[in-house]
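Undergrad: Following this message is one structure expressed as structure tokens.
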Amino acid sequence: MPLFFINQDITKMHVDIVVNAAKNSLLGGGGVDGAIHAAAGPKLLEECRTLGGCETGAAKLTGGYNMPCKYIIHTVGPVYRDGRHGEPELLRSCYKESLKLALETDCESIAFPAISTGVYGYPKEEAKLIAVAAVKEFLAEHDMTVYLVFFDMPAGDAELARYLMYHRSSGAKIEARESCELEDTAENAEAACNLADTAEYAVEAMPQSPVPNSPKPQVAEPRVLFGKRKEKACAQMSEAAAEATYQNSSAGFTLQEKAPDFRSMLDESFSEMLLRKIDESGMSDSDCYKRANIDRKLFSKIRADRLYKPSKPTAIAFALALRLSEGETEELLGKAGFALSGSSLFDVIIRFYIERGVYDVLKINEELFRYDQTLLGA
């Protein structure tokens, strides 16, 4: 299941488990610890008094009480000195022990604060890397939705920031490129008309609904479709198909009983292309949906439904998991009715990383989170 970065009040999250960055005494304190105790109410403190404290790097479970979660896991992060006194190992243990405890409860979702990055002074970037590594290791073997609740993300990708600034200041170049694309479309239109003379053209045509004993149905006048990629339309209606429809109607069959399955004439669907690409990559299904930050249940729906319509972030997540080129990504998105646009910040960020061969969904999600964009996965 997926990992998400989120900027939200952790005490109000509707998840199965919320993790508290606690003190060794487990009796409350400041920051996240104090906020969770205040939100959960006095009964949380009463239960914590029975636990006998908690060692640094360990974790203990209590009820959620007045909070929306079922449980609270209390873990004690290390105080940062210089990184050479076991701090990384202890911080990693906080995440691993909390996830282990969560697994024992059969819960499906958990939210972590940025452990030790407050008054304990752990550098945010280093703490984030440790948290992500620990969670990814866990998710490689287990199913659970994990949220990392970061109010103050570390500094972002400087190269991406420069790229976005250039993109913003290059409006004239973008307009010029769009003008060229319009010219290209006109050329394609002419080419499509030439193809029509030899009957090698894409059409959108459907026979009229056959009625028993009616004259032979006429095929609608074909309408030439064209575009800059010179792709054929999603279906072709041949004389043979029209003849078969006519024969069925004249024999007295209803459309529902004998109508040809026009879906078989459609192009490859999103689901079909995705499954084909997975097979071609040599990747297992589980490897693919985990790399894509996708829930196993959602992937099962996609596999079972040839006409499944994903969200755009889900489609892009699969493209990244499969390490598709920009052209292949556009093709996969097109199967779901989407495209990458230069007018969307989300799309520009995605294009930036694909152009540079960066396909790590979690890394890209960090930047999308930083720019307040929809995250990849589901």
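Following the order of the structure tokens, first chain is A, next is B, and so on, with residues numbered from 1 inside each chain and ligands from 1 in the order they appear.
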Might you pull out every residue within 10 Å of Tyr353 of chain A, with only C-alpha atoms counted and same-chain residues fewer than 6 positions away left off, and present them as number ranges by chain?

TA: A: 160, 320, 326, 359-361, 363-364

Undergrad: Nearest to Pro68 of chain A among A:Ile17, A:Leu45, A:Ala102, A:Cys288, with distances taken over only C-alpha atoms: which residue is it?

TA: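 The shortest atom-to-atom distance to Pro68 of chain A comes from A:Ile17.
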
Undergrad: Choose the residue, out of A:Glu89, A:Glu55, A:Glu125, A:Asp267, that has the smallest atom-to-atom separation from Glu366 of chain A; count only C-alpha atoms.

TA: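 Comparing A:Glu89, A:Glu55, A:Glu125, A:Asp267 against Glu366 of chain A, the winner is A:Glu125.
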
Undergrad: Show me, as a ChimeraX atom specification, the residues that have an atom within 10 Å of segment 295-303 of chain A when counting only C-alpha atoms, minus same-chain residues fewer than 4 positions from it.

TA: /A:1-3,143-145,270-272,274-275,285-286,288-290,307-310,314,377-378

Undergrad: May I ask which of the residues A:Tyr80, A:Phe150, A:Phe4, A:Tyr166 is the closest one to Val135 of chain A, counting only C-alpha atoms?

TA: A:Phe4

Undergrad: Could you tell me which of A:Phe318, A:Phe112, A:Phe338, A:Phe5 comes closest to Leu368 of chain A if we count only C-alpha atoms?

TA: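 Using only C-alpha atoms, Leu368 of chain A sits closest to A:Phe5.
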
Undergrad: Please return, as a list in words, all residues of segment 1-133 of chain A that DSSP assigns to strand (DSSP E) on the basis of the backbone.

TA: Leu3, Phe4, Phe5, Ile6, Ile17, Val18, Val19, Asn20, Ala21, Ala59, Lys60, Leu61, Thr62, Gly63, Tyr71, Ile72, Ile73, His74, Thr75, Ser109, Ile110, Ala111, Phe112 and Pro113 of chain A

Undergrad: Could you save the residues just selected, with C-alpha atoms, as a PDB file, in the first residue's frame?

TA:
ATOM      1  CA  LEU A   3       3.156   6.187   1.365  1.00  0.00           C
ATOM      2  CA  PHE A   4       2.003   9.806   1.360  1.00  0.00           C
ATOM      3  CA  PHE A   5       3.355  13.107   2.628  1.00  0.00           C
ATOM      4  CA  ILE A   6       0.656  15.289   4.110  1.00  0.00           C
ATOM      5  CA  ILE A  17      -3.258   4.575  14.213  1.00  0.00           C
ATOM      6  CA  VAL A  18      -1.598   7.877  15.040  1.00  0.00           C
ATOM      7  CA  VAL A  19       2.023   7.827  16.218  1.00  0.00           C
ATOM      8  CA  ASN A  20       3.010  10.132  19.048  1.00  0.00           C
ATOM      9  CA  ALA A  21       6.533  11.506  19.365  1.00  0.00           C
ATOM     10  CA  ALA A  59       7.149   1.892  20.972  1.00  0.00           C
ATOM     11  CA  LYS A  60       4.034   1.216  23.064  1.00  0.00           C
ATOM     12  CA  LEU A  61       0.325   1.064  22.189  1.00  0.00           C
ATOM     13  CA  THR A  62      -2.691   2.741  23.832  1.00  0.00           C
ATOM     14  CA  GLY A  63      -6.269   3.483  22.852  1.00  0.00           C
ATOM     15  CA  TYR A  71      -5.044   3.541  18.613  1.00  0.00           C
ATOM     16  CA  ILE A  72      -2.066   5.709  19.483  1.00  0.00           C
ATOM     17  CA  ILE A  73       1.454   4.354  19.289  1.00  0.00           C
ATOM     18  CA  HIS A  74       3.918   6.206  21.509  1.00  0.00           C
ATOM     19  CA  THR A  75       7.558   6.143  20.427  1.00  0.00           C
ATOM     20  CA  SER A 109      -3.476   2.956   8.018  1.00  0.00           C
ATOM     21  CA  ILE A 110      -1.016   4.846  10.190  1.00  0.00           C
ATOM     22  CA  ALA A 111       0.158   8.469  10.455  1.00  0.00           C
ATOM     23  CA  PHE A 112       3.614   9.504  11.697  1.00  0.00           C
ATOM     24  CA  PRO A 113       4.795  12.939  12.791  1.00  0.00           C
TER      25      PRO A 113
END

Undergrad: When you count only C-alpha atoms, which of these residues is closest to Gly57 of chain A: A:Ser344, A:Ala39, A:Gly83, A:Tyr95?

TA: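 Result for the nearest residue to Gly57 of chain A: A:Tyr95.
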
Undergrad: I'd like the neighbourhood of Ala22 of chain A as a list in words, where a residue qualifies if any of its atoms comes within 9 Å (using only C-alpha atoms), though same-chain residues fewer than 4 positions away should be ignored.

TA: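 Surrounding residues, per the criterion: Leu26, Leu27, Gly28, Gly29, Val32, Asp33, Gly34, Cys54, His74, Thr75, Val76, Gly77 and Ile115 of chain A.
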
Undergrad: Just to be explicit: take each residue in the selection above, keep N, CA, C and O atoms, and write the result as a PDB file, in the first residue's frame.

TA:
ATOM      1  N   LEU A  26       6.223   9.046  28.908  1.00  0.00           N
ATOM      2  CA  LEU A  26       4.914   8.871  28.268  1.00  0.00           C
ATOM      3  C   LEU A  26       3.811   9.672  28.960  1.00  0.00           C
ATOM      4  O   LEU A  26       2.615   9.419  28.739  1.00  0.00           O
ATOM      5  N   LEU A  27       4.200  10.657  29.744  1.00  0.00           N
ATOM      6  CA  LEU A  27       3.210  11.413  30.507  1.00  0.00           C
ATOM      7  C   LEU A  27       2.890  12.774  29.900  1.00  0.00           C
ATOM      8  O   LEU A  27       2.386  13.669  30.587  1.00  0.00           O
ATOM      9  N   GLY A  28       3.169  12.922  28.618  1.00  0.00           N
ATOM     10  CA  GLY A  28       2.836  14.169  27.943  1.00  0.00           C
ATOM     11  C   GLY A  28       3.984  15.155  27.957  1.00  0.00           C
ATOM     12  O   GLY A  28       4.958  14.998  28.688  1.00  0.00           O
ATOM     13  N   GLY A  29       3.875  16.158  27.107  1.00  0.00           N
ATOM     14  CA  GLY A  29       4.916  17.178  27.010  1.00  0.00           C
ATOM     15  C   GLY A  29       4.465  18.281  26.080  1.00  0.00           C
ATOM     16  O   GLY A  29       3.272  18.593  26.020  1.00  0.00           O
ATOM     17  N   VAL A  32       3.955  17.887  19.442  1.00  0.00           N
ATOM     18  CA  VAL A  32       3.014  16.850  19.029  1.00  0.00           C
ATOM     19  C   VAL A  32       2.514  16.064  20.243  1.00  0.00           C
ATOM     20  O   VAL A  32       1.323  15.744  20.357  1.00  0.00           O
ATOM     21  N   ASP A  33       3.422  15.754  21.159  1.00  0.00           N
ATOM     22  CA  ASP A  33       3.074  14.983  22.360  1.00  0.00           C
ATOM     23  C   ASP A  33       1.962  15.680  23.144  1.00  0.00           C
ATOM     24  O   ASP A  33       0.938  15.062  23.498  1.00  0.00           O
ATOM     25  N   GLY A  34       2.143  16.947  23.388  1.00  0.00           N
ATOM     26  CA  GLY A  34       1.141  17.700  24.138  1.00  0.00           C
ATOM     27  C   GLY A  34      -0.174  17.809  23.382  1.00  0.00           C
ATOM     28  O   GLY A  34      -1.264  17.701  23.974  1.00  0.00           O
ATOM     29  N   CYS A  54       8.876   4.373  28.412  1.00  0.00           N
ATOM     30  CA  CYS A  54       9.275   3.755  27.134  1.00  0.00           C
ATOM     31  C   CYS A  54      10.722   4.145  26.834  1.00  0.00           C
ATOM     32  O   CYS A  54      11.106   5.314  26.984  1.00  0.00           O
ATOM     33  N   HIS A  74       2.991   5.237  20.930  1.00  0.00           N
ATOM     34  CA  HIS A  74       3.918   6.206  21.509  1.00  0.00           C
ATOM     35  C   HIS A  74       5.344   5.702  21.294  1.00  0.00           C
ATOM     36  O   HIS A  74       5.684   4.590  21.704  1.00  0.00           O
ATOM     37  N   THR A  75       6.165   6.507  20.645  1.00  0.00           N
ATOM     38  CA  THR A  75       7.558   6.143  20.427  1.00  0.00           C
ATOM     39  C   THR A  75       8.444   7.301  20.831  1.00  0.00           C
ATOM     40  O   THR A  75       8.055   8.470  20.698  1.00  0.00           O
ATOM     41  N   VAL A  76       9.625   6.983  21.314  1.00  0.00           N
ATOM     42  CA  VAL A  76      10.530   8.021  21.836  1.00  0.00           C
ATOM     43  C   VAL A  76      11.725   8.158  20.892  1.00  0.00           C
ATOM     44  O   VAL A  76      12.523   7.226  20.741  1.00  0.00           O
ATOM     45  N   GLY A  77      11.823   9.298  20.265  1.00  0.00           N
ATOM     46  CA  GLY A  77      12.928   9.561  19.344  1.00  0.00           C
ATOM     47  C   GLY A  77      14.176  10.020  20.074  1.00  0.00           C
ATOM     48  O   GLY A  77      14.118  10.452  21.232  1.00  0.00           O
ATOM     49  N   ILE A 115       9.314  12.598  13.630  1.00  0.00           N
ATOM     50  CA  ILE A 115       9.869  12.272  14.950  1.00  0.00           C
ATOM     51  C   ILE A 115      11.250  12.902  15.150  1.00  0.00           C
ATOM     52  O   ILE A 115      12.107  12.852  14.257  1.00  0.00           O
TER      53      ILE A 115
END

Undergrad: Give the answer as one residue: which of A:Leu324, A:Leu345, A:Gly41, A:Glu268 has the shortest atom-to-atom distance to Phe369 of chain A, using only C-alpha atoms?

TA: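 With only C-alpha atoms as the atom set, the closest residue is A:Leu345.
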
Undergrad: Pick out the residues sitting within 10 Å of Glu87 of chain A, and hand them over as a VMD selection string; count only C-alpha atoms, and ignore anything fewer than 3 positions along from it in its own chain.

TA: chain A and resid 56 to 57 77 to 84 90 to 93 116 122 127

Undergrad: What is the distance between atom CA of Lys136 of chain A and atom CA of Phe352 of chain A, in Å to one decimal?

TA: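 Value for the atom CA of Lys136 of chain A-atom CA of Phe352 of chain A distance: 23.8 Å.
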